[in-house]
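Q: This one is data22.cif, mmCIF, C-alpha atoms.
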```cif
data_start
#
loop_
_atom_site.label_atom_id
_atom_site.label_comp_id
_atom_site.auth_asym_id
_atom_site.auth_seq_id
_atom_site.Cartn_x
_atom_site.Cartn_y
_atom_site.Cartn_z
CA MET A 1 -7.06 10.59 -51.36
CA LEU A 2 -4.58 7.81 -50.87
CA ARG A 3 -2.01 10.38 -49.91
CA ASN A 4 -4.32 11.85 -47.30
CA GLN A 5 -4.93 8.44 -45.89
CA ASN A 6 -1.22 7.84 -45.64
CA THR A 7 -0.69 11.16 -43.94
CA TYR A 8 -3.45 10.30 -41.55
CA THR A 9 -2.00 6.88 -40.81
CA ILE A 10 1.43 8.34 -40.18
CA ALA A 11 0.02 11.06 -37.93
CA TYR A 12 -1.98 8.45 -36.06
CA THR A 13 1.06 6.22 -35.62
CA ILE A 14 3.12 9.15 -34.34
CA LYS A 15 0.34 10.06 -31.92
CA LYS A 16 0.23 6.47 -30.67
CA ILE A 17 4.01 6.36 -30.25
CA MET A 18 4.01 9.64 -28.34
CA GLU A 19 1.23 8.46 -26.05
CA SER A 20 3.02 5.24 -25.19
CA ASN A 21 6.33 7.09 -24.78
CA GLY A 22 4.62 9.35 -22.26
CA LYS A 23 3.27 6.32 -20.47
CA ILE A 24 6.72 4.72 -20.37
CA PHE A 25 8.21 7.98 -19.08
CA ARG A 26 5.67 8.05 -16.24
CA GLU A 27 6.39 4.41 -15.46
CA GLY A 28 10.10 5.24 -15.23
CA PHE A 29 9.34 8.25 -13.06
CA ARG A 30 7.30 6.10 -10.67
CA ASP A 31 10.06 3.48 -10.40
CA GLY A 32 12.60 6.28 -9.93
CA ILE A 33 10.93 7.58 -6.76
CA PRO A 34 12.39 4.99 -4.34
CA ILE A 35 15.74 5.50 -6.06
CA GLY A 36 15.39 9.22 -5.44
CA LEU A 37 14.68 8.64 -1.72
CA GLY A 38 17.78 6.51 -1.38
CA TYR A 39 19.81 9.01 -3.41
CA PHE A 40 18.71 11.84 -1.19
CA ALA A 41 20.03 10.10 1.89
CA VAL A 42 23.31 9.08 0.26
CA ALA A 43 23.80 12.48 -1.41
CA PHE A 44 23.28 14.10 1.94
CA SER A 45 26.36 12.39 3.31
CA LEU A 46 28.21 13.13 0.06
CA GLY A 47 27.29 16.80 0.62
CA ILE A 48 28.71 16.76 4.11
CA ALA A 49 31.97 15.44 2.68
CA ALA A 50 31.88 17.95 -0.20
CA HIS A 51 31.49 20.77 2.32
CA GLY A 52 34.68 19.57 3.95
CA TYR A 53 36.42 19.59 0.57
CA GLY A 54 35.47 23.24 0.01
CA PHE A 55 32.46 22.98 -2.31
CA LYS A 56 29.63 25.52 -2.25
CA PRO A 57 25.95 24.42 -2.37
CA LEU A 58 25.46 25.55 -5.99
CA GLN A 59 28.67 23.83 -7.08
CA GLY A 60 27.57 20.65 -5.37
CA PHE A 61 24.18 20.83 -7.07
CA ILE A 62 25.70 21.32 -10.52
CA ALA A 63 28.30 18.61 -9.97
CA SER A 64 25.61 16.15 -8.89
CA ILE A 65 23.05 16.89 -11.58
CA LEU A 66 25.69 16.59 -14.31
CA THR A 67 27.76 13.71 -12.94
CA TYR A 68 25.25 11.59 -10.94
CA ALA A 69 27.84 9.02 -9.98
CA SER A 70 28.18 8.16 -6.30
CA ALA A 71 31.66 6.77 -5.73
CA GLY A 72 33.11 8.58 -8.75
CA GLN A 73 31.86 11.89 -7.48
CA TYR A 74 33.13 11.32 -3.98
CA ILE A 75 36.57 10.60 -5.37
CA GLY A 76 36.29 13.63 -7.67
CA PHE A 77 35.52 15.90 -4.72
CA SER A 78 38.33 14.52 -2.60
CA LEU A 79 40.83 14.86 -5.47
CA TYR A 80 39.82 18.50 -5.83
CA ALA A 81 40.73 19.13 -2.21
CA ALA A 82 44.01 17.29 -2.80
CA ASN A 83 44.88 19.67 -5.68
CA ALA A 84 44.86 16.89 -8.25
CA THR A 85 45.35 17.77 -11.92
CA LEU A 86 42.57 17.39 -14.47
CA ILE A 87 44.44 14.43 -15.99
CA GLN A 88 44.50 12.67 -12.63
CA LEU A 89 40.80 13.43 -12.27
CA ILE A 90 40.03 11.90 -15.66
CA ILE A 91 42.09 8.77 -14.98
CA LEU A 92 40.44 8.13 -11.63
CA THR A 93 36.97 8.89 -13.00
CA VAL A 94 37.52 6.31 -15.73
CA ILE A 95 38.71 3.68 -13.24
CA THR A 96 35.94 4.30 -10.72
CA ASN A 97 33.24 4.25 -13.37
CA LEU A 98 34.46 1.27 -15.41
CA ARG A 99 31.30 -0.59 -14.45
CA TYR A 100 29.26 1.87 -16.52
CA ILE A 101 30.93 0.45 -19.63
CA LEU A 102 29.81 -3.01 -18.61
CA MET A 103 26.28 -1.72 -18.05
CA GLY A 104 26.31 0.11 -21.38
CA VAL A 105 27.33 -3.09 -23.17
CA THR A 106 24.55 -5.02 -21.42
CA LEU A 107 21.92 -2.43 -22.43
CA ASN A 108 23.15 -2.24 -26.03
CA GLN A 109 23.10 -6.02 -26.21
CA ARG A 110 19.33 -5.78 -25.83
CA MET A 111 18.95 -3.29 -28.71
CA PRO A 112 18.57 -4.74 -32.22
CA ALA A 113 20.91 -3.93 -35.10
CA GLY A 114 19.70 -0.76 -36.80
CA THR A 115 18.79 1.00 -33.54
CA PRO A 116 19.58 4.69 -34.17
CA ILE A 117 22.74 5.84 -32.43
CA GLY A 118 20.84 8.71 -30.79
CA ARG A 119 18.57 6.22 -29.08
CA ARG A 120 21.55 4.14 -27.94
CA VAL A 121 23.28 7.23 -26.56
CA ALA A 122 20.08 8.35 -24.82
CA VAL A 123 19.76 5.00 -23.06
CA GLY A 124 23.45 5.12 -22.08
CA THR A 125 23.15 8.66 -20.76
CA THR A 126 20.70 7.68 -18.01
CA ILE A 127 22.96 4.95 -16.62
CA THR A 128 23.52 4.91 -12.89
CA ASP A 129 23.87 1.70 -10.88
CA GLU A 130 20.25 1.91 -9.87
CA ILE A 131 18.63 3.17 -13.09
CA PHE A 132 20.55 0.53 -15.02
CA GLY A 133 19.19 -2.07 -12.61
CA ILE A 134 15.54 -1.19 -13.19
CA THR A 135 15.99 -0.53 -16.94
CA ILE A 136 17.54 -3.94 -17.57
CA ALA A 137 14.94 -5.65 -15.40
CA ARG A 138 12.16 -4.27 -17.58
CA PRO A 139 11.20 -6.69 -20.36
CA GLY A 140 11.68 -5.74 -24.00
CA ILE A 141 14.04 -3.31 -25.70
CA PRO A 142 15.47 -0.72 -23.26
CA SER A 143 13.55 2.53 -23.71
CA PRO A 144 15.22 5.93 -23.31
CA TYR A 145 11.83 7.27 -22.12
CA TYR A 146 11.88 4.86 -19.21
CA GLY A 147 15.45 5.83 -18.35
CA PHE A 148 14.72 9.55 -18.52
CA GLY A 149 11.58 9.08 -16.44
CA ALA A 150 13.59 7.38 -13.71
CA TRP A 151 16.38 9.95 -14.12
CA SER A 152 13.90 12.81 -13.66
CA ALA A 153 12.62 11.37 -10.40
CA ALA A 154 15.97 10.29 -9.00
CA VAL A 155 18.80 12.60 -10.08
CA PRO A 156 17.28 15.93 -8.94
CA MET A 157 16.96 14.31 -5.49
CA TRP A 158 20.63 13.38 -5.70
CA ALA A 159 21.57 16.97 -6.55
CA LEU A 160 19.24 18.41 -3.91
CA GLY A 161 20.60 16.03 -1.27
CA THR A 162 24.15 17.09 -2.13
CA SER A 163 23.45 20.82 -1.72
CA ILE A 164 21.40 20.36 1.43
CA GLY A 165 24.21 18.24 2.83
CA ILE A 166 26.66 21.04 2.04
CA ILE A 167 24.40 23.68 3.61
CA THR A 168 23.19 21.97 6.73
CA GLY A 169 25.88 19.48 7.61
CA THR A 170 24.13 17.18 10.03
CA ALA A 171 20.63 18.62 10.25
CA LEU A 172 18.67 15.47 9.32
CA PRO A 173 18.46 13.07 12.27
CA ALA A 174 20.81 10.14 11.78
CA ARG A 175 17.86 7.79 12.27
CA ILE A 176 16.03 9.21 9.25
CA VAL A 177 19.17 9.09 7.09
CA SER A 178 19.68 5.49 8.16
CA ALA A 179 16.13 4.47 7.22
CA LEU A 180 16.17 6.33 3.88
CA SER A 181 19.50 4.86 2.88
CA VAL A 182 18.11 1.32 2.63
CA ALA A 183 15.50 2.37 0.03
CA ILE A 184 18.02 1.77 -2.75
CA PHE A 185 18.83 -1.73 -1.51
CA GLY A 186 15.14 -2.54 -1.16
CA MET A 187 14.77 -1.65 -4.80
CA PHE A 188 17.73 -3.80 -5.83
CA ILE A 189 16.17 -6.70 -3.98
CA ALA A 190 12.87 -6.09 -5.79
CA VAL A 191 14.74 -6.22 -9.11
CA ILE A 192 16.76 -9.40 -8.52
CA ILE A 193 14.42 -11.63 -6.53
CA PRO A 194 11.56 -12.23 -9.05
CA PRO A 195 13.94 -13.46 -11.83
CA ALA A 196 15.85 -15.45 -9.19
CA ARG A 197 12.59 -17.19 -8.41
CA LYS A 198 11.89 -17.93 -12.08
CA ASP A 199 15.36 -19.09 -13.15
CA ARG A 200 17.07 -21.23 -10.52
CA MET A 201 20.56 -20.48 -11.89
CA ILE A 202 19.95 -16.75 -11.40
CA GLY A 203 18.86 -17.58 -7.86
CA ILE A 204 22.07 -19.51 -7.21
CA ALA A 205 24.14 -16.73 -8.85
CA VAL A 206 22.47 -14.15 -6.59
CA PHE A 207 23.15 -16.21 -3.48
CA VAL A 208 26.77 -16.80 -4.50
CA SER A 209 27.10 -13.05 -5.15
CA PHE A 210 25.85 -12.18 -1.67
CA ALA A 211 28.28 -14.65 -0.12
CA CYS A 212 31.30 -13.63 -2.22
CA SER A 213 30.58 -9.96 -1.69
CA TYR A 214 30.46 -10.47 2.05
CA ALA A 215 33.66 -12.46 2.00
CA ALA A 216 35.41 -9.91 -0.23
CA ALA A 217 34.49 -7.07 2.10
CA HIS A 218 36.29 -8.89 4.90
CA LEU A 219 39.20 -10.59 3.15
CA PRO A 220 42.36 -8.61 3.89
CA PHE A 221 43.58 -8.22 0.29
CA MET A 222 40.13 -7.51 -1.20
CA ALA A 223 38.92 -5.17 1.53
CA LYS A 224 41.57 -2.63 0.55
CA ILE A 225 40.08 -2.24 -2.94
CA SER A 226 37.35 0.40 -3.20
CA SER A 227 33.83 -0.99 -3.09
CA GLY A 228 33.17 0.19 -6.67
CA ASN A 229 36.12 -1.79 -7.99
CA ARG A 230 35.27 -4.78 -5.82
CA THR A 231 31.85 -4.74 -7.47
CA ILE A 232 33.42 -4.84 -10.94
CA ILE A 233 35.86 -7.64 -10.09
CA LEU A 234 33.21 -9.80 -8.44
CA THR A 235 30.69 -9.14 -11.23
CA LEU A 236 33.19 -10.17 -13.91
CA LEU A 237 34.31 -13.29 -12.03
CA ILE A 238 30.93 -14.59 -10.89
CA SER A 239 29.17 -13.85 -14.21
CA ALA A 240 31.98 -15.55 -16.15
CA VAL A 241 31.80 -18.65 -13.94
CA PHE A 242 28.03 -18.92 -14.36
CA ALA A 243 28.25 -18.24 -18.09
CA ALA A 244 30.68 -21.17 -18.31
CA ILE A 245 28.74 -23.65 -16.18
CA ALA A 246 25.17 -22.65 -17.07
CA PRO A 247 25.04 -20.93 -20.50
CA ARG A 248 21.96 -18.87 -21.26
CA THR A 249 21.03 -16.81 -24.29
CA ALA A 250 21.03 -13.07 -23.70
CA GLU A 251 17.29 -12.99 -24.37
CA PRO A 252 15.57 -12.30 -21.07
CA PRO A 253 12.89 -14.77 -19.98
CA ALA A 254 9.81 -13.98 -22.07
CA GLN A 255 7.39 -11.95 -20.03
CA GLU A 256 4.55 -9.54 -20.81
CA ALA A 257 4.03 -7.99 -24.23
CA PRO A 258 7.14 -6.19 -25.49
CA ASP A 259 7.28 -2.42 -25.84
CA THR A 260 5.03 -1.00 -28.46
CA GLU A 261 6.83 2.31 -28.47
CA SER A 262 9.85 1.17 -30.40
CA PRO A 263 9.92 2.82 -33.81
CA VAL A 264 12.86 0.56 -34.64
CA GLN A 265 12.18 -2.20 -37.09
CA GLU A 266 14.73 -4.84 -37.87
CA ALA A 267 15.82 -4.25 -41.46
CA MET B 1 44.08 29.71 -4.21
CA LYS B 2 41.90 28.13 -6.88
CA SER B 3 39.71 30.48 -8.90
CA SER B 4 35.97 29.90 -8.88
CA LEU B 5 36.09 29.39 -12.65
CA TYR B 6 38.47 26.47 -12.09
CA VAL B 7 35.92 24.74 -9.84
CA TYR B 8 33.40 24.78 -12.67
CA ILE B 9 35.93 23.55 -15.22
CA TYR B 10 36.84 20.79 -12.78
CA ILE B 11 33.18 19.85 -12.31
CA PHE B 12 32.59 19.87 -16.05
CA VAL B 13 35.58 17.59 -16.70
CA MET B 14 34.36 15.19 -14.01
CA ALA B 15 30.84 15.16 -15.47
CA PHE B 16 31.98 14.79 -19.07
CA SER B 17 34.41 11.95 -18.39
CA THR B 18 31.72 10.13 -16.39
CA TRP B 19 29.23 10.59 -19.24
CA CYS B 20 31.77 9.19 -21.72
CA MET B 21 31.95 5.97 -19.70
CA ARG B 22 28.18 5.67 -19.98
CA VAL B 23 27.95 6.13 -23.73
CA ILE B 24 31.13 4.53 -25.11
CA PRO B 25 29.38 1.16 -25.64
CA SER B 26 26.47 2.97 -27.35
CA LEU B 27 28.89 4.59 -29.78
CA VAL B 28 30.78 1.37 -30.49
CA MET B 29 28.13 -1.36 -30.59
CA LYS B 30 26.07 -1.59 -33.75
CA ARG B 31 24.36 -4.90 -33.08
CA PRO B 32 24.08 -7.44 -30.24
CA ILE B 33 27.08 -9.65 -29.63
CA ARG B 34 26.43 -13.15 -31.04
CA ASN B 35 29.10 -15.05 -29.13
CA ARG B 36 27.36 -17.55 -26.85
CA PHE B 37 29.68 -17.08 -23.88
CA ALA B 38 29.37 -13.29 -24.10
CA GLN B 39 25.59 -13.60 -24.25
CA SER B 40 25.48 -15.87 -21.19
CA PHE B 41 27.90 -13.60 -19.38
CA LEU B 42 25.72 -10.55 -20.03
CA TYR B 43 22.64 -12.51 -19.00
CA TYR B 44 24.01 -12.88 -15.47
CA VAL B 45 25.69 -9.47 -15.15
CA PRO B 46 22.72 -7.36 -13.99
CA TYR B 47 21.65 -9.76 -11.24
CA VAL B 48 25.17 -10.44 -10.03
CA THR B 49 26.14 -6.78 -9.95
CA LEU B 50 23.03 -5.72 -8.04
CA ALA B 51 23.41 -8.62 -5.59
CA VAL B 52 27.05 -7.70 -4.98
CA MET B 53 26.10 -4.06 -4.39
CA THR B 54 23.27 -4.95 -2.00
CA PHE B 55 25.03 -7.19 0.45
CA PRO B 56 26.81 -6.55 2.78
CA ALA B 57 26.33 -2.83 1.98
CA ILE B 58 22.79 -2.90 3.38
CA ILE B 59 24.04 -3.86 6.85
CA GLU B 60 26.87 -1.34 6.71
CA THR B 61 24.73 1.64 5.78
CA THR B 62 22.34 1.48 8.73
CA GLN B 63 23.28 2.69 12.21
CA SER B 64 22.54 -0.74 13.62
CA PRO B 65 23.77 -3.68 11.46
CA LEU B 66 20.96 -5.82 12.91
CA ALA B 67 18.33 -3.42 11.52
CA GLY B 68 20.00 -3.64 8.10
CA ALA B 69 20.08 -7.43 8.26
CA VAL B 70 16.39 -7.68 9.17
CA ALA B 71 15.50 -5.16 6.44
CA PHE B 72 17.47 -7.32 3.99
CA ALA B 73 15.50 -10.43 4.97
CA ALA B 74 12.18 -8.57 5.00
CA GLY B 75 12.89 -7.14 1.54
CA ILE B 76 13.69 -10.59 0.11
CA ILE B 77 10.51 -12.06 1.56
CA ALA B 78 8.39 -9.17 0.27
CA ALA B 79 9.90 -9.40 -3.22
CA TRP B 80 9.49 -13.20 -3.21
CA LEU B 81 5.80 -12.71 -2.42
CA GLY B 82 5.47 -10.42 -5.44
CA VAL B 83 5.55 -6.94 -3.85
CA ARG B 84 6.67 -4.33 -6.42
CA LEU B 85 9.64 -1.92 -6.35
CA LEU B 86 8.18 0.92 -4.30
CA GLY B 87 6.61 -1.52 -1.84
CA VAL B 88 9.82 -3.46 -1.20
CA ALA B 89 11.73 -0.19 -0.72
CA ALA B 90 9.09 0.94 1.78
CA VAL B 91 9.22 -2.39 3.67
CA CYS B 92 13.00 -2.00 4.06
CA CYS B 93 12.82 1.64 5.19
CA ILE B 94 10.04 1.01 7.71
CA THR B 95 11.81 -2.05 9.12
CA VAL B 96 14.94 0.00 9.78
CA LEU B 97 12.98 2.91 11.22
CA ILE B 98 11.11 0.69 13.67
CA LEU B 99 14.08 -1.46 14.68
CA GLU B 100 16.35 1.52 15.30
CA LEU B 101 13.68 3.07 17.50
CA LEU B 102 13.63 -0.12 19.57
CA VAL B 103 17.36 -0.85 19.68
#
```
I need this file expressed as structure tokens, please.

A:
Amino acid sequence: MLRNQNTYTIAYTIKKIMESNGKIFREGFRDGIPIGLGYFAVAFSLGIAAHGYGFKPLQGFIASILTYASAGQYIGFSLYAANATLIQLIILTVITNLRYILMGVTLNQRMPAGTPIGRRVAVGTTITDEIFGITIARPGIPSPYYGFGAWSAAVPMWALGTSIGIITGTALPARIVSALSVAIFGMFIAVIIPPARKDRMIGIAVFVSFACSYAAAHLPFMAKISSGNRTIILTLLISAVFAAIAPRTAEPPAQEAPDTESPVQEA
Amino acid sequence: MKSSLYVYIYIFVMAFSTWCMRVIPSLVMKRPIRNRFAQSFLYYVPYVTLAVMTFPAIIETTQSPLAGAVAFAAGIIAAWLGVRLLGVAAVCCITVLILELLV
């Protein structure tokens, strides 16, 4: 009898977890839609470049759905045309995507000791600049279901945009591409402004970041560095300065109820 | 002439090395870092990195820099007023669409 009850309780708990995981997945999917729109526009121009570097539509699709890295992929495509070796490709991929390590550390910082490695890897796997942004902005422990939801909405659009760019070249009117391409930035703004409003130091950090980023894009010695690397350098510098002058614990400001889906219990 | 198999090997190497960058911290970190400076640093990282990526990129990506600048301002105002992700993205897109029709 007792055993049956236990079995029932476990089954019920699993059912509950699966339901909330599904809900979190759908939430991620919904938040991934504007990312996907922005990706489509950006991937379209990536596709045009890839066409010039000799890639076929299917190859572009596969490259994009497996790599899903904007600047890294662009450099990868251009190296291919330049007959680079695989070693050169790996070295440049590592350099261009160094920021993903930083993002991975930030996400893992929010996962308690005892989090299964599979769950950690799953969260890491969905990292892109944008998906990281919305995943970290979500209160509670980062959920792989959220990340995969956003991934499922966004990355297929990235891959589709790449192949369509390769096929059609310049078929979409420039005006439409221009409008779609700001979707990603709109989403970034939606992620950073509410916490900036709540915590004044975040607000100041955001303002300083805008200003430094603008200056760096125009300073002669910084402008030569690729925008991906400029992002890393500025992120490291500005975050370090603010960490020194206005220390904060890594705990995000307490918001709504934390995730209920987490099967992880602190031992 | 490169063989078509080589293209796929090349793509796979690019994808795999990118994936490794994403998951290295997941494989290495077993628990949150306790160091206070590191915690503070990581507290600011997401906001700083997104802010750096947003501006001035938003005014460089549109055909007319003015449209990008207005979309940037409109997005900040919308987000400040509590509009959610999809809404802010839509505000920015529509602003650019309208302004570039006018300019």

Q: Rank A:Gly165, A:Thr93, A:Ile225, A:Arg200 by their smallest atom-to-atom distance to chain B, using all atoms listed in the file, and report the top residue only.

A: A:Thr93

Q: Which residue gives the smallest distance to Thr126 of chain A among A:Thr67, A:Thr96, A:Ser239, A:Ser178, with all atoms listed in the file counted?

A: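 Using all atoms listed in the file, Thr126 of chain A sits closest to A:Thr67.
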
Q: Convert the output of the PyMOL selection byres ((chain A) within 6 of (chain B)) on the shown file into explicit residues, formatted as an MDAnalysis selection string.

A: chainID A and resid 34 63 66:67 100:101 104:106 109 112:113 120:121 124:125 178:180 182:183 185:187 190 192 206 209:210 213:214 235 239:240 243 247:250

Q: Report, in Å with one decimal, the straight-line distance from atom CA of Ser163 of chain A to atom CA of Phe132 of chain A.

A: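 These atoms are spaced 24.4 Å apart.
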
Q: Using all atoms listed in the file, which residue out of A:Pro194, A:Ile238, A:Ser70, A:Phe188 lies closest to Ala211 of chain A?

A: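 For Ala211 of chain A, the nearest of the candidates is A:Ile238.
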
Q: Work out how far apart atom CA of Thr168 of chain A and atom CA of Arg30 of chain A are and give it in Å to one decimal.

A: 28.4 Å

Q: Just to confirm, what's the straight-line distance from atom CA of Ile33 of chain A to atom CA of Ser64 of chain A in Å (one decimal)?

A: 17.1 Å

Q: Select, counting all atoms listed in the file, all protein, DNA and RNA residues no farther than 10 Å from (34.9, 18.9, -1.9) in file coordinates, and express the selection as an MDAnalysis selection string.

A: (chainID A and resid 46:56 59:60 73:82 166) or (chainID B and resid 7)

Q: Find the residue from A:Ala69, A:Ala150, A:Ile176, A:Ala244 that sits nearest to Arg26 of chain A; use only C-alpha atoms when measuring.

A: A:Ala150

Q: Which one of A:Tyr68, A:Tyr12, A:Phe44, A:Phe221 sits closest to Ser152 of chain A if you count only C-alpha atoms?

A: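 Using only C-alpha atoms, the shortest distance to Ser152 of chain A belongs to A:Tyr68.
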